>>> print(open('work_12.csv').read())   # CSV, C-alpha atoms
chain,number,residue,atom,x,y,z
Q,806,MET,CA,-146.6,-51.8,69.3
Q,807,LYS,CA,-144.1,-52.4,66.5
Q,808,ARG,CA,-144.6,-48.8,65.4
Q,809,GLN,CA,-144.1,-47.5,68.9
Q,810,TYR,CA,-140.9,-49.5,69.1
Q,811,ALA,CA,-139.7,-48.1,65.7
Q,812,VAL,CA,-140.4,-44.5,66.8
Q,813,SER,CA,-138.5,-45.1,70.1
Q,814,LEU,CA,-135.6,-46.6,68.2
Q,815,LEU,CA,-135.6,-43.6,65.8
Q,816,VAL,CA,-135.6,-41.1,68.7
Q,817,ALA,CA,-132.8,-43.0,70.4
Q,818,SER,CA,-130.8,-43.0,67.2
Q,819,LEU,CA,-131.2,-39.3,66.8
Q,820,VAL,CA,-130.1,-38.7,70.3
Q,821,VAL,CA,-127.0,-40.8,69.8
Q,822,ILE,CA,-126.3,-38.9,66.5
Q,823,ALA,CA,-126.8,-35.5,68.3
Q,824,LEU,CA,-124.5,-36.5,71.1
Q,825,ALA,CA,-121.9,-37.7,68.7
Q,826,ALA,CA,-122.1,-34.4,66.8
Q,827,VAL,CA,-121.6,-32.5,70.1
Q,828,ALA,CA,-118.7,-34.7,71.1
Q,829,GLY,CA,-117.1,-34.1,67.7
Q,830,SER,CA,-117.3,-30.4,67.8
Q,831,GLY,CA,-114.2,-28.5,68.8
Q,832,ARG,CA,-116.2,-25.6,70.3
Q,833,THR,CA,-118.1,-27.4,73.0
Q,834,ASP,CA,-115.2,-27.9,75.3
Q,835,ASN,CA,-114.9,-24.2,75.9
Q,836,ASP,CA,-118.6,-23.4,75.9
Q,837,VAL,CA,-118.2,-21.1,73.0
Q,838,PRO,CA,-121.2,-21.4,70.7
Q,839,ALA,CA,-120.5,-22.6,67.2
Q,840,PRO,CA,-120.3,-19.7,64.7
Q,841,PRO,CA,-123.1,-19.2,62.2
Q,842,THR,CA,-122.8,-21.1,59.0
Q,843,ILE,CA,-122.0,-19.4,55.8
Q,844,GLY,CA,-125.2,-18.1,54.3
Q,845,THR,CA,-126.7,-17.2,57.6
Q,846,VAL,CA,-128.3,-13.7,57.8
Q,847,ILE,CA,-126.8,-12.0,60.9
Q,848,ASP,CA,-129.4,-10.4,63.1
Q,849,ASP,CA,-128.8,-6.7,63.8
Q,850,PHE,CA,-127.2,-5.9,67.2
Q,851,LYS,CA,-126.1,-2.8,69.1
Q,852,LEU,CA,-122.9,-2.1,70.9
Q,853,PRO,CA,-121.3,1.0,72.3
Q,854,ASP,CA,-118.1,2.6,70.9
Q,855,ALA,CA,-115.3,3.5,73.2
Q,856,ASP,CA,-117.1,6.7,74.2
Q,857,GLY,CA,-120.2,4.8,75.2
Q,858,LYS,CA,-122.3,5.8,72.1
Q,859,GLU,CA,-124.4,2.9,70.9
Q,860,HIS,CA,-124.3,1.9,67.2
Q,861,SER,CA,-126.2,-0.8,65.4
Q,862,LEU,CA,-124.6,-3.2,62.9
Q,863,LYS,CA,-126.9,-2.0,60.2
Q,864,SER,CA,-126.2,1.7,60.9
Q,865,LEU,CA,-122.5,1.1,60.5
Q,866,ALA,CA,-122.6,-1.2,57.5
Q,867,GLY,CA,-121.9,0.2,54.0
Q,868,SER,CA,-124.3,0.0,51.1
Q,869,LYS,CA,-122.6,-3.1,49.8
Q,870,GLY,CA,-122.0,-4.8,53.1
Q,871,ALA,CA,-119.7,-4.9,56.2
Q,872,VAL,CA,-116.6,-6.6,57.6
Q,873,VAL,CA,-116.8,-7.3,61.3
Q,874,ILE,CA,-113.4,-7.9,62.8
Q,875,PHE,CA,-112.6,-9.0,66.3
Q,876,ILE,CA,-109.5,-7.2,67.4
Q,877,ALA,CA,-107.4,-6.6,70.5
Q,878,THR,CA,-105.2,-3.9,71.9
Q,879,LYS,CA,-102.6,-6.3,73.5
Q,880,CYS,CA,-102.5,-9.3,71.1
Q,881,PRO,CA,-99.4,-9.1,69.0
Q,882,VAL,CA,-101.1,-10.9,66.1
Q,883,SER,CA,-103.9,-8.5,66.0
Q,884,ASN,CA,-101.5,-5.6,66.3
Q,885,ALA,CA,-99.4,-7.0,63.4
Q,886,TYR,CA,-102.5,-6.5,61.3
Q,887,ASN,CA,-103.3,-2.9,62.3
Q,888,GLU,CA,-101.9,-1.3,59.2
Q,889,ARG,CA,-103.3,-4.0,56.9
Q,890,MET,CA,-106.8,-3.6,58.5
Q,891,GLU,CA,-106.8,0.1,58.2
Q,892,LYS,CA,-105.6,0.0,54.6
Q,893,LEU,CA,-108.3,-2.6,53.7
Q,894,ALA,CA,-110.9,-0.6,55.6
Q,895,GLN,CA,-110.2,2.6,53.6
Q,896,GLU,CA,-110.0,0.8,50.3
Q,897,TYR,CA,-113.3,-1.1,50.7
Q,898,LYS,CA,-115.2,1.8,52.4
Q,899,ALA,CA,-114.8,3.5,49.0
Q,900,LYS,CA,-116.4,0.5,47.4
Q,901,GLY,CA,-119.4,0.4,49.8
Q,902,VAL,CA,-118.2,-2.0,52.4
Q,903,ASN,CA,-117.5,-0.7,55.9
Q,904,PHE,CA,-115.2,-2.2,58.4
Q,905,ILE,CA,-116.4,-2.5,62.0
Q,906,GLY,CA,-113.9,-3.5,64.7
Q,907,ILE,CA,-115.2,-5.3,67.9
Q,908,ASN,CA,-113.1,-5.6,71.1
Q,909,SER,CA,-114.6,-8.4,73.3
Q,910,ASN,CA,-111.6,-8.8,75.6
Q,911,ASN,CA,-112.6,-8.3,79.2
Q,912,THR,CA,-109.0,-7.4,79.9
Q,913,GLU,CA,-109.1,-4.4,77.7
Q,914,PRO,CA,-111.4,-1.6,78.9
Q,915,ALA,CA,-113.0,1.0,76.6
Q,916,ALA,CA,-110.5,3.7,77.4
Q,917,GLU,CA,-107.7,1.5,76.3
Q,918,VAL,CA,-109.5,0.6,73.1
Q,919,LYS,CA,-109.9,4.3,72.3
Q,920,SER,CA,-106.2,5.2,73.0
Q,921,HIS,CA,-105.0,2.1,71.1
Q,922,ALA,CA,-107.1,3.1,68.0
Q,923,THR,CA,-105.7,6.6,68.1
Q,924,GLU,CA,-102.1,5.4,68.6
Q,925,LYS,CA,-102.3,2.8,65.8
Q,926,GLY,CA,-104.3,5.1,63.4
Q,927,LEU,CA,-107.4,2.9,63.2
Q,928,THR,CA,-110.1,5.1,61.7
Q,929,PHE,CA,-112.9,2.5,61.3
Q,930,ALA,CA,-115.6,2.2,64.0
Q,931,ILE,CA,-114.5,0.1,67.0
Q,932,LEU,CA,-117.2,-1.2,69.3
Q,933,LYS,CA,-116.7,-2.5,72.9
Q,934,ASP,CA,-118.4,-5.9,73.5
Q,935,ASP,CA,-118.6,-6.0,77.3
Q,936,GLY,CA,-119.6,-9.5,78.4
Q,937,ASN,CA,-118.5,-10.9,75.0
Q,938,LYS,CA,-122.2,-11.2,74.0
Q,939,ILE,CA,-121.5,-10.6,70.3
Q,940,ALA,CA,-118.4,-12.7,70.3
Q,941,ASP,CA,-120.6,-15.5,71.6
Q,942,ARG,CA,-123.3,-14.9,69.1
Q,943,LEU,CA,-120.8,-15.0,66.2
Q,944,GLY,CA,-118.8,-17.8,67.8
Q,945,ALA,CA,-115.6,-15.7,67.6
Q,946,THR,CA,-112.6,-17.3,69.4
Q,947,ARG,CA,-109.5,-15.3,68.4
Q,948,THR,CA,-108.1,-12.0,67.3
Q,949,PRO,CA,-108.0,-11.0,64.6
Q,950,GLU,CA,-111.0,-12.9,63.2
Q,951,ALA,CA,-113.1,-11.5,60.3
Q,952,TYR,CA,-116.7,-11.9,59.2
Q,953,VAL,CA,-117.8,-10.6,55.8
Q,954,LEU,CA,-121.5,-9.7,55.4
Q,955,ASP,CA,-123.1,-8.8,52.2
Q,956,ALA,CA,-125.7,-6.0,51.7
Q,957,SER,CA,-128.4,-8.2,53.2
Q,958,MET,CA,-126.2,-9.0,56.2
Q,959,LYS,CA,-125.7,-12.6,55.0
Q,960,LEU,CA,-122.4,-14.1,56.1
Q,961,VAL,CA,-120.2,-14.9,53.1
Q,962,TYR,CA,-116.8,-15.3,54.7
Q,963,HIS,CA,-115.5,-16.1,58.2
Q,964,GLY,CA,-111.9,-16.4,59.0
Q,965,ARG,CA,-108.4,-15.0,58.7
Q,966,ILE,CA,-107.3,-11.8,57.0
Q,967,ASP,CA,-104.5,-13.5,55.1
Q,968,ASN,CA,-102.0,-16.4,55.7
Q,969,SER,CA,-99.1,-14.6,57.3
Q,970,GLN,CA,-98.6,-12.4,60.3
Q,971,LYS,CA,-95.6,-10.9,58.5
Q,972,VAL,CA,-96.4,-8.9,55.3
Q,973,GLU,CA,-93.5,-10.4,53.4
Q,974,GLY,CA,-94.9,-13.9,53.8
Q,975,ILE,CA,-98.4,-13.2,52.4
Q,976,THR,CA,-99.3,-15.6,49.6
Q,977,SER,CA,-103.1,-15.8,50.2
Q,978,GLU,CA,-105.2,-12.7,50.8
Q,979,ASP,CA,-108.4,-14.6,51.8
Q,980,LEU,CA,-110.3,-11.6,53.2
Q,981,ARG,CA,-109.6,-9.4,50.1
Q,982,ASP,CA,-110.4,-12.2,47.7
Q,983,ALA,CA,-113.7,-12.8,49.5
Q,984,LEU,CA,-114.6,-9.1,49.3
Q,985,ASN,CA,-113.7,-8.9,45.6
Q,986,GLU,CA,-115.8,-11.8,44.8
Q,987,MET,CA,-118.7,-10.5,46.8
Q,988,LEU,CA,-118.5,-7.1,45.2
Q,989,ALA,CA,-118.3,-8.7,41.7
Q,990,GLY,CA,-121.6,-10.5,42.5
Q,991,LYS,CA,-119.8,-13.9,42.5
Q,992,ALA,CA,-120.1,-16.7,45.1
Q,993,VAL,CA,-117.1,-16.6,47.5
Q,994,THR,CA,-114.8,-19.4,46.6
Q,995,LYS,CA,-112.9,-19.8,49.9
Q,996,THR,CA,-115.4,-19.0,52.7
Q,997,GLY,CA,-113.0,-19.4,55.6
Q,998,GLY,CA,-109.5,-19.6,56.7
Q,999,ALA,CA,-107.6,-20.6,59.9
Q,1000,ALA,CA,-104.7,-18.8,61.4
Q,1001,PHE,CA,-103.0,-18.6,64.8
Q,1002,GLY,CA,-104.3,-15.8,66.9
Q,1003,CYS,CA,-104.9,-14.8,70.5
Q,1004,THR,CA,-107.8,-16.3,72.3
Q,1005,ILE,CA,-110.6,-13.8,73.1
Q,1006,LYS,CA,-110.4,-13.1,76.8
Q,1007,ARG,CA,-114.0,-13.8,77.8
Q,1008,VAL,CA,-115.7,-13.1,81.1
Q,1009,SER,CA,-115.5,-16.2,83.3
O,653,MET,CA,-108.6,-38.2,64.7
O,654,ALA,CA,-106.1,-40.7,63.5
O,655,LEU,CA,-103.3,-39.4,61.4
O,656,GLY,CA,-101.9,-41.6,58.8
O,657,ALA,CA,-98.2,-42.4,58.4
O,658,ILE,CA,-96.5,-39.7,56.4
O,659,ALA,CA,-92.9,-39.5,55.6
O,660,ALA,CA,-91.5,-36.6,57.7
O,661,GLN,CA,-88.9,-34.1,56.6
O,662,SER,CA,-87.5,-32.5,59.7
O,663,GLN,CA,-85.7,-29.3,59.1
O,664,SER,CA,-83.6,-29.7,62.2
O,665,SER,CA,-80.3,-31.3,62.7
O,666,GLN,CA,-82.0,-33.2,65.5
O,667,ALA,CA,-83.8,-35.9,63.6
O,668,PRO,CA,-87.4,-36.7,64.7
O,669,SER,CA,-88.4,-40.1,66.0
O,670,SER,CA,-89.1,-42.7,63.4
O,671,LYS,CA,-92.2,-43.6,65.4
O,672,ALA,CA,-94.6,-41.5,67.4
O,673,SER,CA,-94.3,-44.1,70.2
O,674,ASP,CA,-90.7,-42.9,70.6
O,675,ASN,CA,-92.0,-39.5,71.8
O,676,ARG,CA,-91.5,-40.7,75.3
O,677,ALA,CA,-87.9,-41.6,74.5
O,678,LEU,CA,-87.5,-38.1,73.2
O,679,ALA,CA,-89.0,-36.5,76.2
O,680,GLY,CA,-86.3,-34.8,78.2
O,681,ALA,CA,-84.9,-33.0,75.2
O,682,GLY,CA,-86.3,-29.8,76.6
O,683,SER,CA,-83.2,-27.7,76.4
O,684,ASP,CA,-83.6,-27.3,72.6
O,685,ILE,CA,-86.3,-27.1,70.0
O,686,THR,CA,-86.7,-29.2,66.9
O,687,VAL,CA,-87.9,-27.4,63.8
O,688,VAL,CA,-90.6,-29.2,61.9
O,689,ASP,CA,-92.6,-28.7,58.8
O,690,LEU,CA,-96.2,-29.9,58.3
O,691,ASP,CA,-95.1,-33.5,57.6
O,692,GLY,CA,-92.8,-33.4,60.5
O,693,LEU,CA,-95.6,-32.3,62.8
O,694,LYS,CA,-97.9,-35.1,61.4
O,695,LYS,CA,-95.2,-37.6,62.1
O,696,PHE,CA,-94.9,-36.5,65.8
O,697,LEU,CA,-98.7,-36.8,66.1
O,698,GLN,CA,-98.8,-40.2,64.4
O,699,ARG,CA,-100.0,-43.0,66.6
O,700,ASP,CA,-98.6,-46.5,66.6
O,701,ALA,CA,-101.4,-48.8,67.8
O,702,LYS,CA,-98.9,-51.4,69.2
O,703,GLU,CA,-97.0,-49.1,71.6
O,704,ALA,CA,-98.7,-45.7,71.6
O,705,HIS,CA,-99.5,-44.0,74.9
O,706,PRO,CA,-101.9,-41.1,75.4
O,707,LEU,CA,-100.5,-38.0,73.9
O,708,LEU,CA,-100.9,-34.5,75.2
O,709,VAL,CA,-100.2,-31.7,72.7
O,710,ASN,CA,-100.0,-28.1,73.5
O,711,PHE,CA,-99.7,-25.3,71.0
O,712,TRP,CA,-98.2,-22.0,72.2
O,713,ALA,CA,-96.1,-19.0,71.3
O,714,THR,CA,-93.9,-16.7,73.2
O,715,TRP,CA,-96.1,-13.7,72.2
O,716,CYS,CA,-99.2,-15.4,73.7
O,717,ASP,CA,-99.8,-14.3,77.2
O,718,GLY,CA,-102.2,-17.1,78.0
O,719,CYS,CA,-99.7,-19.7,76.7
O,720,ARG,CA,-96.9,-18.4,79.0
O,721,GLU,CA,-99.2,-18.2,82.0
O,722,GLU,CA,-100.4,-21.8,81.7
O,723,PHE,CA,-97.0,-23.3,80.9
O,724,PRO,CA,-95.9,-23.9,84.5
O,725,ASP,CA,-99.0,-26.0,85.0
O,726,LEU,CA,-98.2,-28.0,81.9
O,727,VAL,CA,-94.6,-28.6,83.1
O,728,LYS,CA,-96.0,-30.0,86.3
O,729,ILE,CA,-98.4,-32.2,84.4
O,730,ASP,CA,-95.5,-33.5,82.3
O,731,ASP,CA,-93.5,-34.2,85.5
O,732,ASP,CA,-96.4,-35.9,87.2
O,733,TYR,CA,-97.6,-38.1,84.4
O,734,ARG,CA,-94.6,-39.0,82.3
O,735,SER,CA,-93.8,-42.0,84.5
O,736,LYS,CA,-97.5,-43.0,84.2
O,737,GLY,CA,-97.3,-43.3,80.5
O,738,LEU,CA,-98.3,-39.9,79.1
O,739,ASN,CA,-96.4,-38.6,76.1
O,740,PHE,CA,-96.2,-34.8,75.8
O,741,LEU,CA,-95.6,-32.8,72.6
O,742,SER,CA,-95.2,-29.1,73.0
O,743,VAL,CA,-95.5,-27.1,69.7
O,744,THR,CA,-94.5,-23.5,69.5
O,745,VAL,CA,-95.8,-21.5,66.5
O,746,ASP,CA,-93.3,-18.8,67.0
O,747,GLU,CA,-91.6,-17.6,63.8
O,748,LEU,CA,-88.3,-19.3,63.0
O,749,GLU,CA,-86.3,-16.1,63.7
O,750,ASP,CA,-87.8,-16.1,67.2
O,751,LYS,CA,-86.6,-19.6,68.0
O,752,ARG,CA,-84.1,-18.3,70.5
O,753,LEU,CA,-86.9,-16.6,72.5
O,754,ALA,CA,-88.8,-19.9,72.6
O,755,VAL,CA,-85.7,-21.8,73.7
O,756,SER,CA,-85.0,-19.3,76.5
O,757,PHE,CA,-88.6,-19.6,77.6
O,758,ILE,CA,-88.6,-23.4,77.9
O,759,GLN,CA,-85.3,-23.3,79.7
O,760,GLU,CA,-86.7,-20.8,82.1
O,761,MET,CA,-89.7,-23.1,82.6
O,762,LYS,CA,-87.4,-26.1,83.1
O,763,ALA,CA,-89.5,-27.9,80.6
O,764,LYS,CA,-88.5,-31.5,79.9
O,765,MET,CA,-91.1,-32.5,77.3
O,766,GLN,CA,-90.3,-32.7,73.6
O,767,VAL,CA,-90.7,-29.2,72.1
O,768,VAL,CA,-90.9,-28.5,68.3
O,769,LEU,CA,-91.2,-25.3,66.4
O,770,LEU,CA,-93.7,-25.4,63.5
O,771,ASN,CA,-92.2,-23.7,60.6
O,772,VAL,CA,-94.6,-23.5,57.7
O,773,PRO,CA,-95.4,-20.7,55.3
O,774,ASP,CA,-99.2,-21.2,55.7
O,775,LYS,CA,-100.4,-22.3,59.1
O,776,GLU,CA,-103.9,-23.4,58.0
O,777,PRO,CA,-103.1,-26.9,56.7
O,778,ALA,CA,-101.3,-27.6,60.0
O,779,ILE,CA,-104.2,-26.3,62.1
O,780,HIS,CA,-106.6,-28.4,60.2
O,781,ALA,CA,-104.3,-31.5,60.3
O,782,VAL,CA,-104.6,-31.3,64.1
O,783,ASP,CA,-108.3,-30.7,64.4
O,784,VAL,CA,-110.7,-29.5,61.7
O,785,ASN,CA,-112.7,-27.8,64.4
O,786,TRP,CA,-109.8,-25.6,65.5
O,787,ASP,CA,-109.5,-22.2,64.0
O,788,GLY,CA,-106.1,-21.3,65.4
O,789,ALA,CA,-106.9,-19.7,68.7
O,790,LEU,CA,-104.0,-20.0,71.2
O,791,PRO,CA,-103.2,-21.5,73.5
O,792,ALA,CA,-104.7,-24.8,72.4
O,793,THR,CA,-104.4,-28.2,74.1
O,794,PHE,CA,-105.4,-31.6,72.8
O,795,LEU,CA,-105.3,-35.0,74.4
O,796,TYR,CA,-105.2,-38.0,72.1
O,797,ASP,CA,-106.0,-41.5,73.3
O,798,ARG,CA,-103.9,-44.5,72.4
O,799,ALA,CA,-105.8,-44.9,69.1
O,800,GLY,CA,-105.2,-41.3,68.1
O,801,ASN,CA,-108.7,-40.0,68.8
O,802,ILE,CA,-108.9,-36.5,70.3
O,803,VAL,CA,-110.6,-37.1,73.7
O,804,TYR,CA,-110.0,-33.5,75.0
O,805,ARG,CA,-109.5,-30.2,73.4
O,806,HIS,CA,-109.3,-26.8,75.0
O,807,PHE,CA,-108.8,-23.4,73.5
O,808,GLY,CA,-107.4,-20.8,75.9
O,809,LYS,CA,-105.7,-21.4,79.2
O,810,ILE,CA,-106.2,-24.9,80.5
O,811,LYS,CA,-108.0,-25.7,83.7
O,812,PRO,CA,-105.3,-28.0,85.3
O,813,GLU,CA,-107.6,-30.0,87.5
O,814,GLU,CA,-110.0,-30.7,84.6
O,815,LEU,CA,-107.2,-31.7,82.4
O,816,ARG,CA,-105.6,-33.9,85.1
O,817,ALA,CA,-108.9,-35.8,85.6
O,818,ILE,CA,-109.1,-36.6,81.9
O,819,ILE,CA,-105.4,-37.6,81.8
O,820,ASP,CA,-106.0,-39.9,84.8
O,821,LYS,CA,-108.7,-41.8,82.9
O,822,GLN,CA,-106.4,-42.2,79.8
O,823,VAL,CA,-103.3,-43.4,81.7
O,824,THR,CA,-105.5,-45.7,83.7
O,825,SER,CA,-107.0,-47.2,80.6
O,826,ASP,CA,-103.5,-47.4,79.2
O,827,LYS,CA,-102.5,-50.1,81.7
>>> encode(input="work_12.csv", output="structure tokens")
Amino acid sequence: MKRQYAVSLLVASLVVIALAAVAGSGRTDNDVPAPPTIGTVIDDFKLPDADGKEHSLKSLAGSKGAVVIFIATKCPVSNAYNERMEKLAQEYKAKGVNFIGINSNNTEPAAEVKSHATEKGLTFAILKDDGNKIADRLGATRTPEAYVLDASMKLVYHGRIDNSQKVEGITSEDLRDALNEMLAGKAVTKTGGAAFGCTIKRVS
Amino acid sequence: MALGAIAAQSQSSQAPSSKASDNRALAGAGSDITVVDLDGLKKFLQRDAKEAHPLLVNFWATWCDGCREEFPDLVKIDDDYRSKGLNFLSVTVDELEDKRLAVSFIQEMKAKMQVVLLNVPDKEPAIHAVDVNWDGALPATFLYDRAGNIVYRHFGKIKPEELRAIIDKQVTSDK
């Protein structure tokens, strides 16, 4: 009897702890799943590009890894990073890390994504995430928001590109630092970074 | 999340309140925007257990479509709940050189709540000072209870009825 009581008490305690954890999470209020923790291996997925051709994450990744970045056509913050993203993409493609853009905004159709990429000179692959399934899977909330995956698709960094929308204000290049450490075979020192950005416009 | 007392250094000629509980006294300043650094923001968020009221905090920017779209609803909430004991702090994260755009916007909105512009070289410490679970997505809205605990957080455009229902509970428990 005592044992049964103790088990019941333990279960009740765990439920309380679980509820407290949910209440303390910032993501639950908006029903956006929590992002995978650093070290999680990201399962492969497929999404179409702006022409409707499907690509898998693994097929687009480089030999040393990939950077998945949620981007937008209309978000001024994302647009402020177009040149920087393209420059980083070209630089790290040569080092075996491919950049993959994902547009999950339900307000920005594939045709707009295509014309925006052409207009802004974005040459890395950009996929259209209708229904924000991959944004949900990765717990992405804003644009731009970057995920660095190593060669085994393990998440080693999740967060901002750098600390400043304006180039002249950059003092912390978090994404670049993470990539350099990963490519050097080191553990990434700063595995995330917050920055103001536009909310991803999810389907309601 | 209770924020401790921190000496604030406002960068504006309009000095911030010496106590967060004075937010309500500052409400109505809506024709101008006070520029604050991280410590200044923390001081505005600081709760005084003796007098504090529930505090609604909304982060926005003029470049943020969702922020502009939800603003009229927030102005109505401020109008409806101020007399019931709700303090409201509106924080724009526009760049300092865009302050004029932000001032024009709040004037156009006929906003009466306290509005501050967060002017910091790196936004991350400010984002985490508000909520460690927030990654910076805008708009973002937080409701603190009298003790300084976050009882509501919403990223993206608010749902006015949902927010009003939660504010109702807080202002009722405030009496």
>>> atom_distance(input="work_12.csv", atom1="atom CA of Q:His963", atom2="atom CA of Q:Ala951")
5.6 Å
>>> closest_residue(input="work_12.csv", among="Q:Val873, Q:Ile966, Q:Ile843, Q:Leu954", to="Q:Asn887", atoms="only C-alpha atoms")
Q:Ile966
>>> interface_residues(input="work_12.csv", of="chain Q", to="chain O", cutoff="12 Å", atoms="all atoms listed in the file", output="ChimeraX atom specification")
/Q:826-837,839-840,879-885,912,944-951,963-965,967-979,997-1007,1009
>>> atom_distance(input="work_12.csv", atom1="atom CA of Q:Lys995", atom2="atom CA of Q:Ile931")
26.3 Å
>>> atom_distance(input="work_12.csv", atom1="atom CA of O:Leu738", atom2="atom CA of O:Asp691")
22.7 Å
